[in-house]
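Text of coords_24.cif (mmCIF, C-alpha atoms) as supplied:
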data_target
loop_
_atom_site.label_atom_id
_atom_site.label_comp_id
_atom_site.auth_asym_id
_atom_site.auth_seq_id
_atom_site.Cartn_x
_atom_site.Cartn_y
_atom_site.Cartn_z
CA VAL A 1 0.00 0.00 0.00
CA VAL A 2 1.42 3.35 -1.09
CA LEU A 3 0.59 6.83 0.15
CA ASP A 4 1.31 9.44 -2.53
CA VAL A 5 1.34 12.89 -0.91
CA GLY A 6 1.36 15.47 -3.66
CA GLY A 7 0.04 13.13 -6.30
CA TYR A 8 -0.31 15.79 -9.01
CA ILE A 9 -2.18 14.16 -11.94
CA GLY A 10 -1.61 10.57 -10.79
CA ASP A 11 1.41 9.82 -12.97
CA THR A 12 3.56 8.48 -10.12
CA ALA A 13 0.62 6.47 -8.79
CA LEU A 14 0.19 4.81 -12.20
CA TRP A 15 3.91 3.92 -12.21
CA MET A 16 3.65 2.49 -8.68
CA LEU A 17 0.67 0.36 -9.66
CA ALA A 18 2.55 -0.90 -12.73
CA LYS A 19 5.45 -1.86 -10.42
CA GLY A 20 3.21 -3.93 -8.14
CA ALA A 21 1.54 -1.63 -5.61
CA ARG A 22 -1.71 -3.20 -4.42
CA PHE A 23 -3.37 0.16 -3.76
CA VAL A 24 -2.35 3.82 -3.88
CA HIS A 25 -3.89 6.59 -1.77
CA ILE A 26 -3.27 9.95 -3.45
CA TYR A 27 -3.54 13.31 -1.68
CA GLU A 28 -3.61 16.16 -4.16
CA PRO A 29 -5.32 19.46 -3.32
CA VAL A 30 -5.07 21.20 -6.71
CA TYR A 31 -5.00 18.67 -9.56
CA TRP A 32 -7.18 16.03 -7.88
CA ARG A 33 -9.77 15.98 -10.69
CA GLU A 34 -7.10 15.13 -13.25
CA ALA A 35 -5.69 12.45 -10.95
CA MET A 36 -9.15 10.91 -10.52
CA GLN A 37 -9.65 10.85 -14.28
CA ASN A 38 -6.23 9.28 -14.92
CA LEU A 39 -6.72 6.63 -12.22
CA GLU A 40 -10.31 5.69 -13.04
CA GLY A 41 -10.78 1.94 -12.73
CA LYS A 42 -7.41 1.48 -10.97
CA PRO A 43 -6.89 0.33 -7.36
CA ALA A 44 -6.44 3.88 -6.12
CA ALA A 45 -8.28 6.59 -4.20
CA VAL A 46 -7.79 10.32 -4.67
CA TYR A 47 -8.38 12.77 -1.81
CA PRO A 48 -8.68 16.52 -2.59
CA TYR A 49 -6.67 17.66 0.42
CA ALA A 50 -3.24 19.02 1.24
CA VAL A 51 -1.38 17.08 3.92
CA TRP A 52 -0.11 19.35 6.68
CA TRP A 53 0.53 19.23 10.43
CA SER A 54 -3.03 20.30 11.25
CA ALA A 55 -6.54 20.28 9.85
CA GLY A 56 -7.74 23.53 8.35
CA GLU A 57 -7.05 25.56 5.23
CA LEU A 58 -4.06 27.03 3.40
CA GLU A 59 -3.90 29.60 0.66
CA LEU A 60 -1.32 28.53 -1.91
CA ALA A 61 0.23 30.07 -4.99
CA VAL A 62 -0.31 27.76 -7.93
CA ASP A 63 1.95 29.23 -10.60
CA ALA A 64 3.21 25.97 -12.08
CA ALA A 65 4.23 22.50 -10.99
CA SER A 66 7.29 22.27 -8.72
CA THR A 67 7.22 25.89 -7.63
CA GLY A 68 7.22 25.17 -3.89
CA LEU A 69 4.78 26.00 -1.13
CA ARG A 70 4.11 29.74 -1.03
CA ALA A 71 1.30 31.93 0.16
CA GLY A 72 -1.14 32.71 -2.61
CA SER A 73 -4.76 32.83 -3.63
CA THR A 74 -5.76 29.18 -4.13
CA ARG A 75 -7.49 27.96 -0.97
CA VAL A 76 -7.11 24.25 -0.12
CA ARG A 77 -8.29 22.12 2.77
CA THR A 78 -5.68 20.37 4.91
CA VAL A 79 -5.56 17.12 6.85
CA PRO A 80 -2.92 16.22 9.46
CA LEU A 81 -0.13 13.88 8.34
CA PRO A 82 -0.33 11.71 11.50
CA GLU A 83 -4.02 11.01 10.83
CA VAL A 84 -3.37 10.16 7.17
CA ILE A 85 -0.63 7.68 8.19
CA ASP A 86 -2.86 6.18 10.89
CA VAL A 87 -5.85 5.73 8.56
CA HIS A 88 -4.03 4.21 5.56
CA LYS A 89 -1.11 2.41 7.27
CA PRO A 90 1.09 2.63 4.16
CA ASP A 91 4.12 0.46 3.46
CA ILE A 92 5.65 3.26 1.36
CA VAL A 93 5.12 7.02 1.55
CA LYS A 94 6.12 9.25 -1.36
CA MET A 95 6.05 12.98 -0.60
CA ASP A 96 6.48 15.51 -3.38
CA CYS A 97 4.23 18.15 -1.95
CA GLU A 98 6.01 21.45 -2.50
CA GLY A 99 6.77 22.09 1.17
CA CYS A 100 4.26 20.03 3.14
CA GLU A 101 7.07 17.58 3.98
CA TRP A 102 7.88 19.83 6.94
CA ALA A 103 4.81 18.32 8.66
CA ILE A 104 7.13 15.35 9.36
CA LEU A 105 8.69 17.40 12.14
CA TYR A 106 5.35 17.21 13.99
CA MET A 107 4.90 13.45 13.65
CA PRO A 108 5.11 11.10 16.62
CA CYS A 109 7.78 8.46 16.09
CA GLU A 110 5.81 5.21 16.07
CA PRO A 111 3.73 5.78 12.90
CA MET A 112 6.84 6.88 11.01
CA ARG A 113 8.68 3.63 11.68
CA SER A 114 6.08 1.52 9.91
CA ALA A 115 6.78 2.83 6.40
CA GLN A 116 9.57 3.53 3.96
CA TRP A 117 9.76 7.14 2.80
CA VAL A 118 10.78 8.90 -0.40
CA ILE A 119 10.64 12.66 0.15
CA GLU A 120 11.40 15.65 -2.00
CA VAL A 121 12.65 18.23 0.52
CA HIS A 122 12.24 21.94 -0.23
CA GLY A 123 14.77 23.80 1.88
CA PRO A 124 17.63 22.53 4.01
CA GLU A 125 17.32 18.77 4.51
CA PRO A 126 19.13 18.36 7.90
CA PRO A 127 16.08 18.98 10.15
CA ILE A 128 14.02 16.36 8.30
CA VAL A 129 16.95 13.92 8.10
CA VAL A 130 17.62 14.25 11.84
CA LYS A 131 13.92 13.69 12.66
CA LEU A 132 13.77 10.58 10.43
CA GLU A 133 16.91 9.23 12.09
CA GLU A 134 15.29 9.84 15.50
CA TYR A 135 12.53 7.53 14.29
CA GLY A 136 15.17 4.83 13.88
CA LEU A 137 15.16 4.98 10.08
CA SER A 138 18.23 4.75 7.87
CA VAL A 139 18.30 7.95 5.84
CA GLY A 140 20.17 8.86 2.68
CA VAL A 141 20.11 11.80 0.32
CA VAL A 142 19.59 10.34 -3.14
CA THR A 143 20.09 13.48 -5.19
CA ARG A 144 20.06 17.24 -5.04
CA LEU A 145 17.79 18.67 -7.72
CA ALA A 146 18.71 22.27 -6.90
CA PRO A 147 20.63 24.02 -4.10
CA LEU A 148 17.63 23.75 -1.74
CA VAL A 149 15.72 20.83 -3.28
CA SER A 150 16.77 17.25 -2.61
CA VAL A 151 15.34 13.73 -2.58
CA VAL A 152 15.70 11.80 0.67
CA VAL A 153 14.99 8.10 1.22
CA ALA A 154 14.34 6.64 4.68
CA ARG A 155 14.07 2.91 5.34
CA ARG A 156 13.49 0.68 8.33
#

Final structure tokens representation of the file:
Amino acid sequence: VVLDVGGYIGDTALWMLAKGARFVHIYEPVYWREAMQNLEGKPAAVYPYAVWWSAGELELAVDAASTGLRAGSTRVRTVPLPEVIDVHKPDIVKMDCEGCEWAILYMPCEPMRSAQWVIEVHGPEPPIVVKLEEYGLSVGVVTRLAPLVSVVVARR
């Protein structure tokens, strides 16, 4: 079971299903309609929410894909990351959510240990890496896409 936080139009979810995922839960607050259309008939569910450290709303700038989390004029509903993990109990979590990965810093340790993580980090990665290591996960930086954008993998 895969949790795809920042699922965009469902392209990564389709790849995961082709590689053997039994089910993919996609959280995508902006392009959720496109993701639903692309995943129709597949073992997947799309949720039109942003994942954050609390329930509520955010106003985001939606200039283009991969622009990062910034204040703006598009209002989205949020759900807390700990609740999402608790509800879906994923084996793998992929986060490419333009800044929402910082919600990891608010996670209790136990739910984090149950999954493997692939995270695109916007900003300096050390705080997130240290937190993942506190969870007892083995963490590595796979690549740096830009000076303040990197991909981090954390495994049990």

Who sits within 8 Å of range 25-42 of chain A, all atoms listed in the file, same chain under 4 positions skipped, as a ChimeraX atom specification: /A:1-11,13-14,46-51,76-77,88

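Distance cut-off 10 Å, centre (-4.3, 21.3, 9.5), atoms counted only C-alpha atoms; the residues meeting this are Ala50, Val51, Trp52, Trp53, Ser54, Ala55, Gly56, Glu57, Leu58, Arg77, Thr78, Val79, Pro80, Leu81 and Ala103 of chain A.
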
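If all atoms listed in the file are the atoms counted, then among A:Val149, A:Ile104, A:Ala45, A:Trp15 the closest residue to Glu125 in chain A is A:Val149.
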
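When all atoms listed in the file are used to compute distances to Asp96 in chain A, the closest of the residues A:Arg144, A:Lys131, A:His122, A:Arg75 turns out to be A:His122.
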
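Proximity to Ser150 in chain A was assessed for A:Val87, A:Leu60, A:Leu132, A:Val118 counting all atoms listed in the file; the smallest distance is recorded for A:Val118.
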
The PyMOL selection byres ((chain A and resi 155) around 12) applied to the shown file, residues as a ChimeraX atom specification: /A:91-93,112-119,129,132-133,135-141,152-154,156

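In this structure, CA of Lys94 in chain A sits 9.2 Å away from CA of Thr12 in chain A.
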
Atom pair CA of Ala18 in chain A / CA of Lys89 in chain A: separation (Å): 20.6 Å

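Across the structure, CA of Pro147 in chain A and CA of Met16 in chain A are spaced 27.8 Å apart.
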
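Counting all atoms listed in the file and comparing A:Gly99, A:Pro82, A:Pro43, A:Pro126, the residue that lies closest to Val24 in chain A is A:Pro43.
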
For range 8-11 of chain A, take all atoms listed in the file, fit an axis-aligned box around them, add 3 Å to each of the six sides, then output centre and edge lengths in Å rounded to one decimal, as lines of an AutoDock Vina configuration file.
center_x = -0.4
center_y = 12.8
center_z = -11.0
size_x = 9.6
size_y = 12.0
size_z = 10.0

Find the residues around Thr74 in chain A up to 7 Å (all atoms listed in the file counted), leave out those fewer than 4 positions away in its own chain, and share them as a JSON list (two decimals) with C-alpha atoms, in the coordinates of the input.
[["chain", "number", "residue", "atom", "x", "y", "z"],
["A", 59, "GLU", "CA", -3.90, 29.60, 0.66],
["A", 60, "LEU", "CA", -1.32, 28.53, -1.91],
["A", 61, "ALA", "CA", 0.23, 30.07, -4.99],
["A", 62, "VAL", "CA", -0.31, 27.76, -7.93]]
